[in-house]
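Participant: This structure is in structure tokens; I'll ask about it shortly.
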Amino acid sequence: MEENMVRSFTGHIILVSKEETKDNVLFTPMAKPLKILPDYPKIKSVLEKQDFIQAFLPMTRGGVAILGGQGMDFMLAFGCNFDDYQRVFGSPITPVEGQLLKNGDHGLLVNVEGRKNHYKAEGFWLVPEGHSLVPASLTDDAKKEGDKLDVRTSLALEGFGEPNSTNKVVPIKGVVKFKSLNTAMAEVSIMDIESFREIFGYYTARDVVESLPPRETALMGASEDAMFNDADIYSTGGGGANVTELEQKIKTPVKVTRVIDFDSAAYNYVSILLKPGNDLNRSVERLKKIAKDNDLPVKVLSWKTASGQVAQTADIMQMIINVFVILLFIVAIIIIMNTLSMNALERTEEFGMMRAVGAQKHFITRMFLWETISLASIFGGAGIVLGVVATWVARLAHLGAGGSQVWELVFGGEVFKPALGPSGIITGIIGLGVVTVLAVLYPVAVARKITPLDAINRH
């Protein structure tokens, strides 16, 4: 689960504004807006110089209210340059209907599971702009509505929690799914960065530029003599200039466009992927020092800290699995110990006679240990082989989570795909060795205590 979450969405490390008071910044309840990340160009310059960073991506995150439905509904929206997102995270999002965003596009990508939730809350079904309804995609309740089903290709959204936020109609570009943990990410939608900034009022004065037509530009740069052709400004006639024509020039409509420098634009946070082999905790501390030395106005968080309840849920499940495995080890040790102890007692005559003819305790110890190691190697090795086969069969079976978020977190995705590589096999061999050593200690002590007199008495 950790690998899927980190490599497809969060990154290993999250940078947020130093003014941010909370640490749970990605999946905050009610999606309260984050502080604007100041001086991103400087942050980018510093990150590009770090040899332990594989890639990084600036993003925005906020909750948006969905307007015009049957009830009140919210959506957790993330804004980014989508081409860069796919490049950094290895294309974790695939289209189900419609198409993906391209840098420069304006629109929204809605999770295929989130679409079902929005239908339940709002009563309308979302379809990508320019595409037809796909009947097979409808839920049972939506199918019952038939021709009365409210189908929409855009959403009226309003920024939630920002004083400068506004509302905007955003077209649906695509209905998508994450390759992993899609159910867990059902409420996550991706929006182009420009639409996000407009909804949350993140534009500054330098983002809005008046684009004047050529005639008006020439007029603004003309001298008084050229404009009035040497006529007196108060003259009622005689000049070459036509007043009506001048009025038309002045009334030429102004076209307003937005010119965005994405490096200096407003972002909420930066996701950072580490190069393989770098320890997360050490990298976090290293980046904190780098931020301090370069006077970066940022707070450095690990993905677990930034993900809050999502990461805590994963940790709890991992803890449960670890406790279960430890209990299995303890039970195995007790069973093997009892079996070997009974075996040692049943061989009292054998060990006693060996001691009577001169065998020392260390000889009895070595013999008992080698017998135990041989048995452990044969049956433990057979267990590892069966584990490899079971793993292979489970992958072929494509066991699904059935839409359950809990099972999806346990499986680490929508489908259970266990993997047993060389490191897993080595770990299994080490575990087998530890269990064998701990289980044989008491039986060996029992065998060493057997004397020739014990053999005679037993006989």
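Order determines the names: the first chain of the structure tokens is A, the second B, and so forth; residues in each chain are numbered 1 upward, and ligands are numbered 1 upward as they are shown.
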Might you pull out every residue within 12 Å of Lys168 of chain A, with only C-alpha atoms counted and same-chain residues fewer than 5 positions away left off, and present them as number ranges by chain?
Facilitator: A: 64-68, 106-108, 154-159, 194-201
Participant: With all heavy atoms retained, write the just-selected residues as a short mmCIF file (atom, residue, chain, number, x, y, z; two decimals), in the first residue's frame.
Facilitator:
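The resulting file, result_5.cif, is reproduced below:
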data_model
loop_
_atom_site.label_atom_id
_atom_site.label_comp_id
_atom_site.auth_asym_id
_atom_site.auth_seq_id
_atom_site.Cartn_x
_atom_site.Cartn_y
_atom_site.Cartn_z
N VAL A 64 -13.80 21.86 -2.96
CA VAL A 64 -14.71 22.68 -3.77
C VAL A 64 -16.14 22.20 -3.54
O VAL A 64 -16.41 21.01 -3.42
CB VAL A 64 -14.36 22.62 -5.27
CG1 VAL A 64 -13.02 23.28 -5.54
CG2 VAL A 64 -14.34 21.18 -5.77
N ALA A 65 -17.05 23.16 -3.45
CA ALA A 65 -18.48 22.84 -3.32
C ALA A 65 -19.07 22.67 -4.71
O ALA A 65 -18.78 23.44 -5.63
CB ALA A 65 -19.19 23.96 -2.57
N ILE A 66 -19.89 21.63 -4.88
CA ILE A 66 -20.56 21.37 -6.15
C ILE A 66 -21.92 22.05 -6.11
O ILE A 66 -22.75 21.74 -5.25
CB ILE A 66 -20.70 19.87 -6.40
CG1 ILE A 66 -19.31 19.20 -6.41
CG2 ILE A 66 -21.41 19.60 -7.72
CD1 ILE A 66 -19.36 17.70 -6.54
N LEU A 67 -22.14 22.96 -7.04
CA LEU A 67 -23.37 23.75 -7.06
C LEU A 67 -24.37 23.16 -8.06
O LEU A 67 -24.00 22.48 -9.01
CB LEU A 67 -23.07 25.19 -7.44
CG LEU A 67 -21.94 25.89 -6.65
CD1 LEU A 67 -21.71 27.29 -7.18
CD2 LEU A 67 -22.28 25.92 -5.16
N GLY A 68 -25.66 23.44 -7.82
CA GLY A 68 -26.68 23.09 -8.79
C GLY A 68 -27.20 21.68 -8.71
O GLY A 68 -27.82 21.19 -9.66
N HIS A 106 -8.26 23.10 -20.08
CA HIS A 106 -9.04 23.52 -18.94
C HIS A 106 -10.13 22.49 -18.70
O HIS A 106 -10.94 22.22 -19.60
CB HIS A 106 -9.67 24.90 -19.18
CG HIS A 106 -8.66 25.99 -19.40
ND1 HIS A 106 -8.04 26.63 -18.37
CD2 HIS A 106 -8.16 26.51 -20.54
CE1 HIS A 106 -7.18 27.53 -18.86
NE2 HIS A 106 -7.25 27.46 -20.18
N GLY A 107 -10.14 21.89 -17.53
CA GLY A 107 -11.15 20.89 -17.27
C GLY A 107 -10.87 20.10 -16.01
O GLY A 107 -9.95 20.38 -15.26
N LEU A 108 -11.70 19.06 -15.82
CA LEU A 108 -11.69 18.27 -14.59
C LEU A 108 -11.66 16.79 -14.93
O LEU A 108 -12.33 16.34 -15.86
CB LEU A 108 -12.94 18.61 -13.77
CG LEU A 108 -13.08 18.02 -12.38
CD1 LEU A 108 -12.07 18.66 -11.43
CD2 LEU A 108 -14.50 18.26 -11.86
N SER A 154 -20.45 19.11 -17.31
CA SER A 154 -19.65 20.11 -16.61
C SER A 154 -20.17 20.25 -15.19
O SER A 154 -21.27 19.80 -14.88
CB SER A 154 -19.71 21.47 -17.34
OG SER A 154 -21.04 21.96 -17.36
N LEU A 155 -19.37 20.87 -14.35
CA LEU A 155 -19.76 21.09 -12.96
C LEU A 155 -19.55 22.56 -12.60
O LEU A 155 -18.53 23.16 -12.98
CB LEU A 155 -18.93 20.23 -12.02
CG LEU A 155 -19.30 18.75 -11.89
CD1 LEU A 155 -18.32 18.04 -10.97
CD2 LEU A 155 -20.72 18.58 -11.39
N ALA A 156 -20.50 23.11 -11.89
CA ALA A 156 -20.34 24.45 -11.32
C ALA A 156 -19.70 24.29 -9.96
O ALA A 156 -20.28 23.70 -9.05
CB ALA A 156 -21.70 25.14 -11.21
N LEU A 157 -18.48 24.79 -9.82
CA LEU A 157 -17.70 24.58 -8.61
C LEU A 157 -17.39 25.92 -7.94
O LEU A 157 -17.19 26.94 -8.62
CB LEU A 157 -16.38 23.86 -8.93
CG LEU A 157 -16.51 22.52 -9.65
CD1 LEU A 157 -15.13 21.99 -10.00
CD2 LEU A 157 -17.28 21.52 -8.80
N GLU A 158 -17.32 25.89 -6.62
CA GLU A 158 -16.95 27.08 -5.86
C GLU A 158 -15.91 26.71 -4.82
O GLU A 158 -16.04 25.70 -4.12
CB GLU A 158 -18.17 27.70 -5.18
CG GLU A 158 -17.83 28.98 -4.41
CD GLU A 158 -19.07 29.69 -3.90
OE1 GLU A 158 -20.19 29.20 -4.17
OE2 GLU A 158 -18.93 30.72 -3.24
N GLY A 159 -14.85 27.50 -4.74
CA GLY A 159 -13.80 27.25 -3.78
C GLY A 159 -14.32 27.31 -2.36
O GLY A 159 -15.12 28.18 -2.01
N GLU A 194 -4.77 26.25 -13.81
CA GLU A 194 -5.32 27.57 -14.06
C GLU A 194 -6.76 27.68 -13.55
O GLU A 194 -7.13 28.67 -12.91
CB GLU A 194 -5.25 27.92 -15.55
CG GLU A 194 -5.59 29.37 -15.84
CD GLU A 194 -5.33 29.74 -17.29
OE1 GLU A 194 -4.71 28.94 -18.01
OE2 GLU A 194 -5.75 30.84 -17.68
N SER A 195 -7.57 26.66 -13.80
CA SER A 195 -8.94 26.67 -13.30
C SER A 195 -8.96 26.66 -11.77
O SER A 195 -9.77 27.34 -11.14
CB SER A 195 -9.72 25.46 -13.84
OG SER A 195 -9.86 25.53 -15.23
N PHE A 196 -8.08 25.88 -11.18
CA PHE A 196 -8.02 25.81 -9.72
C PHE A 196 -7.69 27.18 -9.13
O PHE A 196 -8.34 27.63 -8.18
CB PHE A 196 -6.95 24.79 -9.29
CG PHE A 196 -6.91 24.53 -7.81
CD1 PHE A 196 -7.52 23.41 -7.28
CD2 PHE A 196 -6.27 25.41 -6.94
CE1 PHE A 196 -7.49 23.16 -5.91
CE2 PHE A 196 -6.25 25.18 -5.57
CZ PHE A 196 -6.86 24.05 -5.06
N ARG A 197 -6.70 27.84 -9.71
CA ARG A 197 -6.29 29.14 -9.18
C ARG A 197 -7.40 30.17 -9.36
O ARG A 197 -7.59 31.05 -8.52
CB ARG A 197 -5.02 29.61 -9.90
CG ARG A 197 -3.81 28.73 -9.61
CD ARG A 197 -2.56 29.26 -10.30
NE ARG A 197 -2.11 30.45 -9.64
CZ ARG A 197 -1.77 31.57 -10.27
NH1 ARG A 197 -1.87 31.63 -11.59
NH2 ARG A 197 -1.34 32.62 -9.61
N GLU A 198 -8.15 30.06 -10.43
CA GLU A 198 -9.25 30.99 -10.64
C GLU A 198 -10.36 30.77 -9.62
O GLU A 198 -10.90 31.73 -9.05
CB GLU A 198 -9.79 30.85 -12.06
CG GLU A 198 -10.88 31.86 -12.39
CD GLU A 198 -11.32 31.80 -13.84
OE1 GLU A 198 -10.67 31.05 -14.61
OE2 GLU A 198 -12.29 32.48 -14.19
N ILE A 199 -10.70 29.51 -9.35
CA ILE A 199 -11.76 29.20 -8.40
C ILE A 199 -11.41 29.67 -6.99
O ILE A 199 -12.25 30.19 -6.26
CB ILE A 199 -12.06 27.68 -8.41
CG1 ILE A 199 -12.77 27.30 -9.71
CG2 ILE A 199 -12.92 27.28 -7.21
CD1 ILE A 199 -12.96 25.81 -9.88
N PHE A 200 -10.14 29.52 -6.62
CA PHE A 200 -9.73 29.88 -5.27
C PHE A 200 -9.19 31.31 -5.17
O PHE A 200 -8.73 31.73 -4.11
CB PHE A 200 -8.68 28.90 -4.75
CG PHE A 200 -9.28 27.60 -4.29
CD1 PHE A 200 -9.48 26.56 -5.17
CD2 PHE A 200 -9.68 27.43 -2.97
CE1 PHE A 200 -10.05 25.36 -4.76
CE2 PHE A 200 -10.26 26.25 -2.54
CZ PHE A 200 -10.44 25.22 -3.44
N GLY A 201 -9.25 32.07 -6.28
CA GLY A 201 -8.84 33.46 -6.23
C GLY A 201 -7.35 33.65 -6.01
O GLY A 201 -6.93 34.59 -5.34
#
Participant: Set the distance at 8 Å and use only C-alpha atoms: which residues neighbour Asp454 of chain A once local chain neighbours fewer than 4 positions away are removed? I'd like the list as a list in words.
Facilitator: Thr348, Glu349, Gly352, Ile450 and Arg458 of chain A
Participant: Under the rule that only C-alpha atoms are counted, which of A:Leu296, A:Ile330, A:Gln318, A:Gln70 is the nearest residue to Tyr40 of chain A?
Facilitator: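 Residue with the minimum atom-to-atom distance to Tyr40 of chain A: A:Leu296.
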Participant: Counting only C-alpha atoms, figure out which residue out of A:Leu133, A:Val175, A:Val46, A:Met72 gets nearest to Gly98 of chain A.
Facilitator: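 For Gly98 of chain A, the nearest of the candidates is A:Val175.
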Participant: Just the residues within 12 Å of Phe178 of chain A, please, counting only C-alpha atoms, with nothing from its chain fewer than 5 positions along; format it as a ChimeraX atom specification.
Facilitator: /A:4-5,7-9,86,89-96,109-114,183-190,413-414
Participant: Any idea what's packed within 9 Å of segment 271-280 of chain A, counting only C-alpha atoms, ignoring anything in its chain fewer than 4 positions away? Could you give it as a PyMOL selection string?
Facilitator: chain A and resi 6-7+9-15+51-59+88-89+284-285+302-303
Participant: Smallest atom-to-atom distance to Gln312 of chain A: which of A:Gly69, A:Phe27, A:Arg87, A:Lys177, using only C-alpha atoms?
Facilitator: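 Among the listed residues, the smallest separation from Gln312 of chain A belongs to A:Phe27.
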Participant: What's the 7 Å shell around Glu129 of chain A, counting only C-alpha atoms, without same-chain residues fewer than 3 positions away, as a VMD selection string?
Facilitator: chain A and resid 153 171 to 173
Participant: Output the selection as a PDB file, in the first residue's frame - N, CA and C atoms for each residue.
Facilitator:
ATOM      1  N   THR A 153     -22.215  17.429 -18.426  1.00  0.00           N
ATOM      2  CA  THR A 153     -20.846  17.362 -18.954  1.00  0.00           C
ATOM      3  C   THR A 153     -19.954  18.419 -18.329  1.00  0.00           C
ATOM      4  N   PRO A 171     -15.586  22.154 -17.356  1.00  0.00           N
ATOM      5  CA  PRO A 171     -15.998  20.991 -18.161  1.00  0.00           C
ATOM      6  C   PRO A 171     -15.355  19.699 -17.662  1.00  0.00           C
ATOM      7  N   ILE A 172     -16.078  18.602 -17.803  1.00  0.00           N
ATOM      8  CA  ILE A 172     -15.538  17.292 -17.463  1.00  0.00           C
ATOM      9  C   ILE A 172     -14.739  16.794 -18.667  1.00  0.00           C
ATOM     10  N   LYS A 173     -13.446  16.673 -18.502  1.00  0.00           N
ATOM     11  CA  LYS A 173     -12.603  16.192 -19.594  1.00  0.00           C
ATOM     12  C   LYS A 173     -12.559  14.665 -19.655  1.00  0.00           C
TER      13      LYS A 173
END
